[in-house]
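Pasting input-v7.cif here (mmCIF, C-alpha atoms and all ligand atoms):
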data_target
#
loop_
_atom_site.label_atom_id
_atom_site.label_comp_id
_atom_site.auth_asym_id
_atom_site.auth_seq_id
_atom_site.Cartn_x
_atom_site.Cartn_y
_atom_site.Cartn_z
CA MET A 13 2.58 -28.01 15.55
CA ILE A 14 -0.23 -26.07 13.88
CA SER A 15 -0.82 -25.31 10.21
CA VAL A 16 0.06 -22.00 8.58
CA SER A 17 -3.60 -21.03 8.27
CA GLU A 18 -4.34 -21.85 11.94
CA ALA A 19 -1.27 -19.84 12.98
CA LEU A 20 -2.43 -16.94 10.84
CA GLN A 21 -5.89 -17.05 12.41
CA GLN A 22 -4.45 -16.98 15.90
CA LEU A 23 -2.05 -14.19 15.01
CA LEU A 24 -4.85 -12.08 13.57
CA ALA A 25 -6.85 -12.63 16.75
CA LEU A 26 -4.03 -10.93 18.69
CA VAL A 27 -4.45 -7.57 16.93
CA ALA A 28 -7.19 -5.01 16.33
CA PRO A 29 -7.23 -1.84 14.22
CA THR A 30 -5.43 1.15 15.73
CA GLU A 31 -7.26 4.38 16.60
CA ILE A 32 -8.25 6.91 13.97
CA GLU A 33 -6.28 10.16 13.75
CA GLN A 34 -6.77 13.24 11.57
CA VAL A 35 -3.78 14.20 9.45
CA PRO A 36 -3.31 17.03 6.94
CA LEU A 37 -3.63 16.06 3.31
CA THR A 38 0.13 16.52 2.81
CA GLN A 39 0.78 13.70 5.27
CA ALA A 40 -1.91 11.30 4.12
CA ALA A 41 -0.20 9.57 1.17
CA GLY A 42 0.35 5.88 1.84
CA ARG A 43 -1.79 6.04 4.99
CA VAL A 44 -4.96 3.98 5.36
CA LEU A 45 -8.19 5.93 5.07
CA ALA A 46 -10.21 4.87 8.12
CA GLU A 47 -13.60 6.41 7.41
CA PRO A 48 -15.36 7.43 4.20
CA VAL A 49 -14.80 11.06 3.18
CA GLN A 50 -17.14 13.22 1.10
CA ALA A 51 -16.70 16.10 -1.29
CA THR A 52 -17.97 19.35 0.22
CA ARG A 53 -18.53 20.82 -3.27
CA PRO A 54 -18.99 19.55 -6.84
CA GLN A 55 -16.21 19.63 -9.42
CA PRO A 56 -16.32 21.54 -11.59
CA PRO A 57 -18.64 23.77 -9.53
CA PHE A 58 -20.00 25.33 -12.76
CA ALA A 59 -20.17 24.28 -16.41
CA ALA A 60 -16.60 25.00 -17.55
CA SER A 61 -14.95 25.39 -20.90
CA ALA A 62 -12.57 22.59 -21.87
CA MET A 63 -10.80 24.71 -24.52
CA ASP A 64 -9.87 28.23 -25.53
CA GLY A 65 -12.49 29.58 -27.94
CA TYR A 66 -15.86 31.34 -28.10
CA ALA A 67 -18.99 30.49 -26.10
CA VAL A 68 -22.16 30.65 -28.19
CA ASN A 69 -25.64 29.12 -28.35
CA ARG A 70 -25.44 25.62 -29.81
CA ALA A 71 -28.49 26.19 -32.04
CA GLU A 72 -26.57 28.87 -33.93
CA VAL A 73 -23.47 26.82 -34.58
CA GLU A 74 -22.82 26.18 -38.25
CA ARG A 75 -20.02 26.86 -40.65
CA HIS A 76 -19.90 30.52 -41.84
CA ALA A 77 -22.15 31.71 -39.00
CA MET A 78 -21.12 35.14 -37.63
CA PHE A 79 -21.22 36.39 -34.04
CA LYS A 80 -20.47 39.58 -32.19
CA VAL A 81 -18.01 39.18 -29.30
CA ILE A 82 -19.57 40.90 -26.26
CA GLY A 83 -17.12 40.05 -23.51
CA GLU A 84 -14.69 37.58 -21.99
CA SER A 85 -14.83 34.68 -19.53
CA ALA A 86 -11.43 33.70 -18.12
CA ALA A 87 -10.49 31.16 -15.42
CA GLY A 88 -11.34 32.79 -12.12
CA HIS A 89 -13.15 35.68 -13.82
CA GLY A 90 -16.47 34.64 -15.33
CA PHE A 91 -18.58 36.74 -17.71
CA GLN A 92 -21.50 38.19 -15.76
CA GLY A 93 -23.99 38.89 -18.56
CA ARG A 94 -25.98 36.66 -20.86
CA VAL A 95 -25.10 35.50 -24.36
CA GLY A 96 -27.97 36.41 -26.71
CA ALA A 97 -28.74 35.54 -30.31
CA GLY A 98 -25.82 36.30 -32.64
CA GLN A 99 -23.52 36.91 -29.69
CA ALA A 100 -20.36 35.18 -28.48
CA VAL A 101 -18.12 35.44 -25.41
CA ARG A 102 -14.38 34.91 -25.67
CA ILE A 103 -13.68 32.03 -23.29
CA PHE A 104 -10.62 30.20 -21.92
CA THR A 105 -10.01 26.73 -20.50
CA GLY A 106 -11.47 26.35 -17.01
CA ALA A 107 -13.65 29.48 -17.27
CA PRO A 108 -17.39 29.36 -16.46
CA VAL A 109 -19.61 29.01 -19.53
CA PRO A 110 -21.84 32.11 -19.43
CA ASP A 111 -25.63 32.01 -19.25
CA GLY A 112 -27.20 31.57 -22.65
CA ALA A 113 -24.18 29.75 -24.09
CA SER A 114 -24.20 26.00 -24.65
CA PHE A 115 -21.27 25.43 -27.01
CA VAL A 116 -17.63 26.43 -27.22
CA VAL A 117 -16.31 26.89 -30.74
CA ILE A 118 -12.57 26.32 -30.42
CA GLN A 119 -10.43 29.23 -31.54
CA GLU A 120 -8.84 27.12 -34.29
CA ASP A 121 -12.26 26.95 -36.01
CA VAL A 122 -12.84 30.72 -35.92
CA SER A 123 -11.60 33.73 -37.85
CA ARG A 124 -11.83 37.05 -36.04
CA SER A 125 -11.95 40.60 -37.24
CA GLY A 126 -12.38 43.23 -34.53
CA ASP A 127 -15.50 42.30 -32.52
CA LEU A 128 -16.78 39.91 -35.17
CA ILE A 129 -16.03 36.20 -35.47
CA THR A 130 -16.94 33.78 -38.23
CA ILE A 131 -16.96 30.02 -37.83
CA SER A 132 -14.45 29.21 -40.56
CA GLU A 133 -14.07 25.46 -40.09
CA HIS A 134 -16.60 22.70 -39.51
CA PRO A 135 -16.89 22.85 -35.68
CA GLY A 136 -17.68 19.14 -35.06
CA ASP A 137 -20.05 17.72 -32.45
CA SER A 138 -18.16 18.20 -29.20
CA ASP A 139 -19.40 21.21 -27.22
CA TYR A 140 -16.11 21.40 -25.27
CA ILE A 141 -18.07 22.00 -22.07
CA ARG A 142 -17.34 20.12 -18.87
CA PRO A 143 -20.69 19.90 -17.08
CA ALA A 144 -21.01 21.02 -13.46
CA GLY A 145 -20.32 18.02 -11.22
CA GLY A 146 -18.92 16.08 -14.16
CA ASP A 147 -15.89 14.92 -12.18
CA PHE A 148 -17.69 14.47 -8.84
CA LYS A 149 -20.79 15.76 -7.14
CA GLN A 150 -21.09 17.19 -3.64
CA GLY A 151 -21.36 14.16 -1.33
CA ASP A 152 -19.42 11.86 -3.66
CA GLY A 153 -16.35 10.50 -1.94
CA LEU A 154 -13.86 7.79 -1.20
CA ALA A 155 -14.79 4.57 0.57
CA ALA A 156 -12.75 3.21 3.48
CA PRO A 157 -10.59 1.32 4.16
CA ARG A 158 -8.17 2.22 1.43
CA VAL A 159 -4.42 2.81 1.12
CA LEU A 160 -4.24 6.39 -0.13
CA SER A 161 -2.44 6.84 -3.46
CA SER A 162 -1.16 10.08 -4.96
CA ALA A 163 -4.27 10.15 -7.17
CA ASP A 164 -6.46 9.84 -4.05
CA ILE A 165 -4.61 12.79 -2.50
CA ALA A 166 -5.27 14.89 -5.61
CA LEU A 167 -8.93 13.87 -5.57
CA MET A 168 -9.37 14.69 -1.88
CA ALA A 169 -7.70 18.05 -2.41
CA ALA A 170 -10.16 18.82 -5.23
CA MET A 171 -12.95 17.72 -2.88
CA ASN A 172 -11.77 20.34 -0.38
CA ILE A 173 -10.91 17.73 2.25
CA ALA A 174 -8.02 19.28 4.17
CA MET A 175 -7.82 16.84 7.08
CA VAL A 176 -7.99 13.10 6.49
CA PRO A 177 -9.10 10.40 8.97
CA VAL A 178 -6.46 7.67 8.88
CA ARG A 179 -5.40 4.79 11.10
CA ARG A 180 -2.54 5.53 13.46
CA ARG A 181 0.62 3.89 12.15
CA PRO A 182 1.07 0.68 14.16
CA ASP A 183 4.08 0.83 16.47
CA VAL A 184 6.25 -2.25 15.97
CA ALA A 185 9.24 -2.97 18.22
CA LEU A 186 11.93 -5.17 16.67
CA ILE A 187 14.36 -7.03 18.92
CA SER A 188 17.33 -8.97 17.59
CA THR A 189 18.69 -11.51 20.03
CA GLY A 190 22.12 -13.09 20.09
CA ASP A 191 25.64 -12.71 21.43
CA GLU A 192 27.00 -13.06 17.89
CA LEU A 193 25.29 -9.95 16.51
CA VAL A 194 26.55 -6.42 15.93
CA MET A 195 24.85 -3.53 14.18
CA PRO A 196 25.66 -2.69 10.54
CA GLY A 197 28.59 -0.26 10.47
CA GLU A 198 30.08 -1.60 13.69
CA ILE A 199 33.29 -3.59 13.87
CA ALA A 200 32.47 -7.29 14.21
CA GLY A 201 34.69 -9.66 16.19
CA PRO A 202 35.93 -12.87 14.57
CA ASP A 203 32.96 -14.86 15.92
CA GLN A 204 30.36 -12.25 15.11
CA ILE A 205 27.99 -11.45 12.26
CA ILE A 206 25.95 -8.40 11.38
CA ALA A 207 22.30 -8.21 12.45
CA SER A 208 20.28 -8.13 9.26
CA ASN A 209 16.79 -9.30 10.14
CA THR A 210 15.65 -6.27 12.09
CA PHE A 211 16.66 -4.04 9.19
CA GLY A 212 14.90 -6.14 6.56
CA LEU A 213 11.78 -6.36 8.69
CA LYS A 214 11.75 -2.64 9.43
CA ALA A 215 11.87 -1.97 5.69
CA LEU A 216 9.14 -4.51 4.99
CA LEU A 217 6.83 -3.27 7.76
CA GLU A 218 7.33 0.43 7.13
CA ALA A 219 6.58 -0.05 3.44
CA LEU A 220 3.25 -1.47 4.61
CA GLY A 221 2.50 1.48 6.89
CA ALA A 222 4.05 0.67 10.28
CA ARG A 223 6.42 2.72 12.39
CA ALA A 224 9.10 0.18 13.30
CA ARG A 225 11.64 0.72 16.08
CA ILE A 226 14.86 -1.27 16.08
CA LEU A 227 15.73 -1.79 19.73
CA PRO A 228 19.25 -2.46 21.03
CA ILE A 229 20.36 -6.04 20.37
CA ALA A 230 19.44 -8.31 23.26
CA ARG A 231 22.27 -10.55 24.38
CA ASP A 232 21.63 -14.18 25.24
CA THR A 233 21.11 -13.40 28.91
CA VAL A 234 17.93 -13.03 30.93
CA PRO A 235 18.62 -9.44 32.07
CA SER A 236 19.48 -8.24 28.55
CA LEU A 237 16.38 -9.77 26.98
CA THR A 238 14.25 -8.54 29.88
CA SER A 239 15.39 -4.96 29.38
CA ALA A 240 14.73 -5.22 25.63
CA PHE A 241 11.16 -6.33 26.34
CA GLU A 242 10.82 -3.42 28.79
CA LEU A 243 11.84 -0.98 26.05
CA ALA A 244 9.26 -2.57 23.76
CA ALA A 245 6.38 -2.19 26.21
CA GLY A 246 3.37 -0.44 24.78
CA ALA A 247 4.09 -1.33 21.15
CA ASP A 248 1.19 -2.69 19.14
CA LEU A 249 3.42 -5.53 18.04
CA ILE A 250 6.64 -6.79 19.61
CA VAL A 251 8.77 -8.94 17.31
CA THR A 252 11.78 -10.85 18.57
CA ILE A 253 14.20 -12.51 16.20
CA GLY A 254 16.20 -15.58 17.05
CA GLY A 255 16.50 -17.41 20.33
CA ALA A 256 13.19 -19.11 19.65
CA SER A 257 14.34 -22.73 19.41
CA VAL A 258 15.06 -24.91 22.41
CA GLY A 259 18.85 -24.56 22.56
CA ASP A 260 20.59 -23.65 25.81
CA HIS A 261 20.82 -20.01 24.68
CA ASP A 262 17.27 -19.73 23.39
CA LEU A 263 15.74 -17.53 26.03
CA VAL A 264 12.87 -15.80 24.26
CA ALA A 265 10.13 -18.20 25.39
CA PRO A 266 11.17 -18.40 29.07
CA VAL A 267 11.83 -14.67 29.41
CA ALA A 268 8.60 -13.76 27.62
CA ALA A 269 6.71 -16.15 29.89
CA GLN A 270 8.36 -14.61 32.95
CA MET A 271 7.15 -11.21 31.73
CA GLY A 272 3.59 -12.41 31.54
CA MET A 273 3.29 -13.46 27.90
CA GLU A 274 0.23 -15.61 27.33
CA GLN A 275 1.36 -17.93 24.58
CA SER A 276 -1.04 -18.66 21.72
CA PHE A 277 1.13 -21.23 20.01
CA TYR A 278 4.67 -22.36 19.45
CA LYS A 279 5.80 -24.05 16.21
CA VAL A 280 4.14 -23.92 12.83
CA ALA A 281 4.23 -26.65 10.19
CA MET A 282 6.15 -24.62 7.66
CA ARG A 283 9.54 -24.30 6.03
CA PRO A 284 11.30 -21.99 6.65
CA GLY A 285 10.01 -20.76 9.98
CA LYS A 286 9.02 -23.72 12.15
CA PRO A 287 10.03 -22.26 15.55
CA LEU A 288 7.54 -19.42 15.48
CA MET A 289 5.84 -18.40 18.71
CA ALA A 290 3.15 -15.88 19.43
CA GLY A 291 1.01 -14.56 22.23
CA ARG A 292 -0.19 -11.56 24.11
CA MET A 293 2.12 -9.52 26.33
CA GLY A 294 0.27 -6.80 28.20
CA THR A 295 -1.48 -4.71 25.57
CA SER A 296 0.92 -5.87 22.84
CA ALA A 297 0.86 -8.79 20.47
CA MET A 298 4.16 -10.63 20.61
CA VAL A 299 5.64 -12.73 17.82
CA GLY A 300 8.91 -14.62 18.17
CA LEU A 301 10.47 -15.23 14.77
CA PRO A 302 13.23 -17.71 14.00
CA GLY A 303 16.69 -16.19 13.60
CA ASN A 304 17.73 -17.50 10.22
CA PRO A 305 17.55 -14.43 8.01
CA VAL A 306 15.37 -15.92 5.29
CA SER A 307 13.07 -17.56 7.84
CA ALA A 308 12.56 -14.21 9.55
CA MET A 309 11.82 -12.41 6.29
CA VAL A 310 9.52 -15.15 4.98
CA CYS A 311 7.61 -15.10 8.28
CA GLY A 312 7.47 -11.32 7.90
CA HIS A 313 5.69 -11.69 4.58
CA VAL A 314 3.49 -14.62 5.57
CA PHE A 315 2.51 -13.58 9.10
CA LEU A 316 3.54 -10.04 10.05
CA ALA A 317 2.21 -8.41 6.87
CA PRO A 318 -1.34 -9.74 7.43
CA MET A 319 -1.19 -8.68 11.11
CA LEU A 320 -0.13 -5.23 10.05
CA ARG A 321 -2.92 -4.98 7.52
CA LYS A 322 -5.40 -5.83 10.25
CA LEU A 323 -3.84 -3.25 12.59
CA LEU A 324 -4.29 -0.73 9.78
CA GLY A 325 -7.96 -1.63 9.46
CA LEU A 326 -7.53 -3.19 6.03
CA THR A 327 -10.02 -5.99 5.52
CA GLU A 328 -8.37 -7.73 2.57
CA GLN A 329 -5.07 -9.56 2.60
CA PHE A 330 -2.54 -9.78 -0.21
CA PRO A 331 -3.94 -12.46 -2.52
CA VAL A 332 -2.33 -15.82 -3.16
CA GLN A 333 -1.71 -15.91 -6.90
CA GLN A 334 -1.33 -18.69 -9.47
CA ALA A 335 1.40 -19.47 -11.99
CA THR A 336 2.59 -22.47 -13.97
CA LEU A 337 5.77 -24.28 -13.06
CA ALA A 338 8.59 -23.63 -15.53
CA GLU A 339 10.51 -26.58 -14.10
CA PRO A 340 9.36 -29.65 -12.14
CA VAL A 341 9.54 -29.64 -8.32
CA VAL A 342 10.15 -32.65 -6.09
CA LYS A 343 7.68 -34.05 -3.57
CA ASN A 344 7.18 -31.86 -0.48
CA GLY A 345 7.55 -33.08 3.11
CA PRO A 346 5.01 -32.77 5.94
CA ARG A 347 5.41 -28.98 6.37
CA ALA A 348 4.21 -26.26 3.99
CA HIS A 349 7.22 -25.01 2.04
CA TYR A 350 7.56 -21.37 1.03
CA MET A 351 10.17 -21.64 -1.72
CA ARG A 352 12.11 -18.64 -2.96
CA ALA A 353 11.21 -18.33 -6.62
CA VAL A 354 11.07 -16.07 -9.65
CA VAL A 355 7.82 -15.41 -11.51
CA LYS A 356 8.10 -14.13 -15.06
CA ASN A 357 5.37 -14.03 -17.69
CA GLY A 358 3.11 -16.29 -15.63
CA GLU A 359 5.78 -18.98 -15.18
CA ILE A 360 7.44 -19.68 -11.84
CA THR A 361 10.85 -21.21 -11.14
CA ALA A 362 12.05 -22.13 -7.65
CA PHE A 363 15.70 -21.58 -6.81
CA SER A 364 17.65 -24.82 -6.47
CA ASN A 365 19.20 -23.74 -3.14
CA GLN A 366 16.50 -23.15 -0.53
CA ASP A 367 18.80 -22.87 2.52
CA SER A 368 17.08 -20.48 4.95
CA ALA A 369 20.32 -18.64 5.69
CA LEU A 370 20.80 -17.31 2.13
CA LEU A 371 19.75 -13.68 1.86
CA SER A 372 21.42 -13.47 -1.56
CA VAL A 373 18.86 -15.93 -2.92
CA LEU A 374 15.97 -14.09 -1.25
CA GLY A 375 17.22 -10.90 -2.88
CA GLN A 376 16.84 -12.42 -6.34
CA ALA A 377 13.38 -13.83 -5.62
CA ASN A 378 10.16 -12.00 -6.42
CA ALA A 379 7.82 -14.71 -5.14
CA LEU A 380 7.33 -17.41 -2.55
CA LEU A 381 6.13 -20.59 -4.24
CA ILE A 382 3.74 -22.26 -1.77
CA ARG A 383 3.97 -26.04 -1.52
CA PRO A 384 1.21 -27.51 0.67
CA PRO A 385 2.17 -30.18 3.24
CA GLY A 386 2.64 -33.56 1.54
CA ASP A 387 2.31 -32.11 -1.96
CA PRO A 388 3.46 -34.77 -4.49
CA ALA A 389 6.12 -34.03 -7.11
CA GLN A 390 4.79 -31.61 -9.73
CA PRO A 391 5.71 -31.57 -13.42
CA ALA A 392 6.55 -28.48 -15.47
CA GLY A 393 3.28 -26.84 -16.54
CA ALA A 394 1.43 -27.63 -13.28
CA THR A 395 -0.49 -24.75 -11.72
CA VAL A 396 0.88 -23.68 -8.34
CA SER A 397 0.22 -20.92 -5.81
CA TYR A 398 2.57 -18.16 -4.82
CA LEU A 399 2.80 -14.98 -2.78
CA SER A 400 4.33 -11.94 -4.45
CA LEU A 401 7.32 -10.42 -2.69
P1 LIG A 501 18.79 -18.54 16.64
O1 LIG A 501 17.35 -18.79 16.34
O2 LIG A 501 19.02 -17.48 17.65
O3 LIG A 501 19.48 -19.84 16.97
O4 LIG A 501 19.43 -18.04 15.28
C1 LIG A 501 19.46 -18.84 14.12
C2 LIG A 501 20.48 -18.28 13.16
O5 LIG A 501 20.08 -16.99 12.74
C3 LIG A 501 21.86 -18.10 13.75
O6 LIG A 501 22.78 -18.44 12.73
C4 LIG A 501 21.93 -16.63 14.08
O7 LIG A 501 23.25 -16.14 14.06
C5 LIG A 501 21.10 -16.02 12.98
N1 LIG A 501 20.47 -14.78 13.41
C6 LIG A 501 19.71 -14.61 14.53
N2 LIG A 501 19.27 -13.35 14.63
C7 LIG A 501 19.76 -12.70 13.55
C8 LIG A 501 19.67 -11.37 13.07
N3 LIG A 501 18.94 -10.44 13.73
N4 LIG A 501 20.28 -11.05 11.91
C9 LIG A 501 20.99 -11.99 11.25
N5 LIG A 501 21.13 -13.25 11.63
C10 LIG A 501 20.53 -13.62 12.77
MG MG A 502 20.49 -16.91 18.87
#

Written as structure tokens, that's how I'd like the structure from this file.
Amino acid sequence: MISVSEALQQLLALVAPTEIEQVPLTQAAGRVLAEPVQATRPQPPFAASAMDGYAVNRAEVERHAMFKVIGESAAGHGFQGRVGAGQAVRIFTGAPVPDGASFVVIQEDVSRSGDLITISEHPGDSDYIRPAGGDFKQGDGLAAPRVLSSADIALMAAMNIAMVPVRRRPDVALISTGDELVMPGEIAGPDQIIASNTFGLKALLEALGARARILPIARDTVPSLTSAFELAAGADLIVTIGGASVGDHDLVAPVAAQMGMEQSFYKVAMRPGKPLMAGRMGTSAMVGLPGNPVSAMVCGHVFLAPMLRKLLGLTEQFPVQQATLAEPVVKNGPRAHYMRAVVKNGEITAFSNQDSALLSVLGQANALLIRPPGDPAQPAGATVSYLSL
């Protein structure tokens, strides 16, 4: 049995970043930027007015000063001439500040009569001019890797970047195994339950940027599992769920071996999730998760999420965070324990029932409290580590 960190290292060694593809800006949100991108023009491209008002020479700005209005500069339609002494140009937000002007007197500070304006209020110090390149300069850009947010999309649009280099979404094939399973919405026999793990994992992995395919449920027979693996061929990551222990009906390891899987390890010193196996199968990484629903989801967070981040070219993993125990916890056994817990205002409380079959408890949790192997009992107030869910 290997430790969680050794397992994670070996799992990460099974995957490499996917290829780079160019996608239109409208499809880039949530994708991982694979290469740095640069602005092809500055923003604003010219000194622009930040307000509606009158563009004048700063040296002439004082209360009661008078100017003759000689033209107009509107957004998209700049004033072509030059603003001379005693002259002003009517200007609007986003319009180019004309040559010779260096100050915008806002319209609230001006009284106008025909072509003449007078500065009627104290105009203050702000010139209400956004300098050329004040937002970004030509050649400024976004560094990679980076998960693209809506703000990044707006910024790239302003930078005139129409196509964005992103990592291909990793293709993940999810295989539930078991004679007892039916799909949600189907009619279950008296001895059957509904497959839940593949659905939870698809949601988890797609939220992180994967394209996850739920394959038909593999029955506990060699031919059924073999055909499921055949359907999964070519995926970046093949994930099986269940059938990973050593019971008579646990066929994942033997069938995977028969199909050429080179096993990296089997069994990790953790709770929940001990019967975890992994290896390489053709060009795919293969991970066999335990079937208990909470075990599968916890392993999804602890192992599959980091693999996916590596496939996406992300170099940083979700950080382990710290909180103080709201209530004491008992001594831990020889395996790392990932306890379903709630973190609130920096305090963490583990649920009393940690049975790995209870999805209802997982649903209430927002954290996995990490107990290292052999950790002694901890009092309330002790600092502990957790992973956010
Ligand atoms: P196994 O590892 O196949 O022995 O499964 C362990 C437990 O998890 C059994 O109670 C299974 O019924 C359950 N289980 C296995 N796969 C799934 C699944 N995809 N969805 C929900 N429960 C599952
Ligand atoms: Mg089974």

### Message
Please identify all protein, DNA and RNA residues within 6 Å of ligand LIG 501 (chain A), counting all atoms listed in the file, and report them as a list in words.
### Response
Ser188, Thr189, Gly190, Ala207, Ser208, Asn209, Thr210, Ile253, Gly254, Gly255, Ala256, Ser257, Pro302, Gly303, Asn304 and Pro305 of chain A

C-alpha atoms of the current selection, written as a PDB file, in the frame of the given file:
ATOM      1  CA  SER A 188      17.330  -8.970  17.590  1.00  0.00           C
ATOM      2  CA  THR A 189      18.690 -11.510  20.030  1.00  0.00           C
ATOM      3  CA  GLY A 190      22.120 -13.090  20.090  1.00  0.00           C
ATOM      4  CA  ALA A 207      22.300  -8.210  12.450  1.00  0.00           C
ATOM      5  CA  SER A 208      20.280  -8.130   9.260  1.00  0.00           C
ATOM      6  CA  ASN A 209      16.790  -9.300  10.140  1.00  0.00           C
ATOM      7  CA  THR A 210      15.650  -6.270  12.090  1.00  0.00           C
ATOM      8  CA  ILE A 253      14.200 -12.510  16.200  1.00  0.00           C
ATOM      9  CA  GLY A 254      16.200 -15.580  17.050  1.00  0.00           C
ATOM     10  CA  GLY A 255      16.500 -17.410  20.330  1.00  0.00           C
ATOM     11  CA  ALA A 256      13.190 -19.110  19.650  1.00  0.00           C
ATOM     12  CA  SER A 257      14.340 -22.730  19.410  1.00  0.00           C
ATOM     13  CA  PRO A 302      13.230 -17.710  14.000  1.00  0.00           C
ATOM     14  CA  GLY A 303      16.690 -16.190  13.600  1.00  0.00           C
ATOM     15  CA  ASN A 304      17.730 -17.500  10.220  1.00  0.00           C
ATOM     16  CA  PRO A 305      17.550 -14.430   8.010  1.00  0.00           C
TER      17      PRO A 305
END

### Task
Find the residue from A:Val310, A:His261, A:Gln275, A:Ala268 that sits nearest to ligand MG 502 (chain A); use only C-alpha atoms and all ligand atoms when measuring.
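Result for the nearest residue to ligand MG 502 (chain A): A:His261.
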
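Between atom CA of Ser276 of chain A and atom CA of Thr30 of chain A the separation is 21.2 Å.
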
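The interatomic distance for the pair atom CA of Leu371 of chain A and atom CA of Asn357 of chain A works out to 24.3 Å.
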
## Note on the structure
With distances taken over only C-alpha atoms, the candidate from A:Gln22, A:Gln99, A:Val116, A:Arg181 nearest Ala219 of chain A is A:Arg181

Could segment 295-300 of chain A be completed with all heavy atoms and returned as a compact mmCIF listing (two decimals), in the coordinates of the input?
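So the final result, stored in out.txt, reads:
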# COMPACT_ATOMS: atom_id res chain seq x y z
N THR A 295 -0.57 -5.16 26.63
CA THR A 295 -1.48 -4.71 25.57
C THR A 295 -0.91 -5.03 24.18
O THR A 295 -1.55 -4.71 23.17
CB THR A 295 -1.68 -3.18 25.66
OG1 THR A 295 -0.39 -2.56 25.62
CG2 THR A 295 -2.39 -2.78 26.94
N SER A 296 0.27 -5.63 24.14
CA SER A 296 0.92 -5.87 22.84
C SER A 296 0.68 -7.29 22.36
O SER A 296 0.52 -8.21 23.16
CB SER A 296 2.43 -5.68 22.97
OG SER A 296 2.74 -4.46 23.60
N ALA A 297 0.72 -7.44 21.04
CA ALA A 297 0.86 -8.79 20.47
C ALA A 297 2.35 -9.05 20.39
O ALA A 297 3.13 -8.14 20.15
CB ALA A 297 0.24 -8.82 19.08
N MET A 298 2.73 -10.29 20.67
CA MET A 298 4.16 -10.63 20.61
C MET A 298 4.34 -11.80 19.65
O MET A 298 3.59 -12.77 19.70
CB MET A 298 4.65 -10.99 22.01
CG MET A 298 6.14 -11.24 22.09
SD MET A 298 6.48 -13.00 21.87
CE MET A 298 8.25 -13.01 21.68
N VAL A 299 5.32 -11.64 18.74
CA VAL A 299 5.64 -12.73 17.82
C VAL A 299 7.13 -12.98 17.92
O VAL A 299 7.94 -12.05 17.81
CB VAL A 299 5.26 -12.37 16.36
CG1 VAL A 299 5.65 -13.51 15.42
CG2 VAL A 299 3.77 -12.09 16.24
N GLY A 300 7.50 -14.23 18.14
CA GLY A 300 8.91 -14.62 18.17
C GLY A 300 9.25 -15.31 16.86
O GLY A 300 8.72 -16.37 16.55
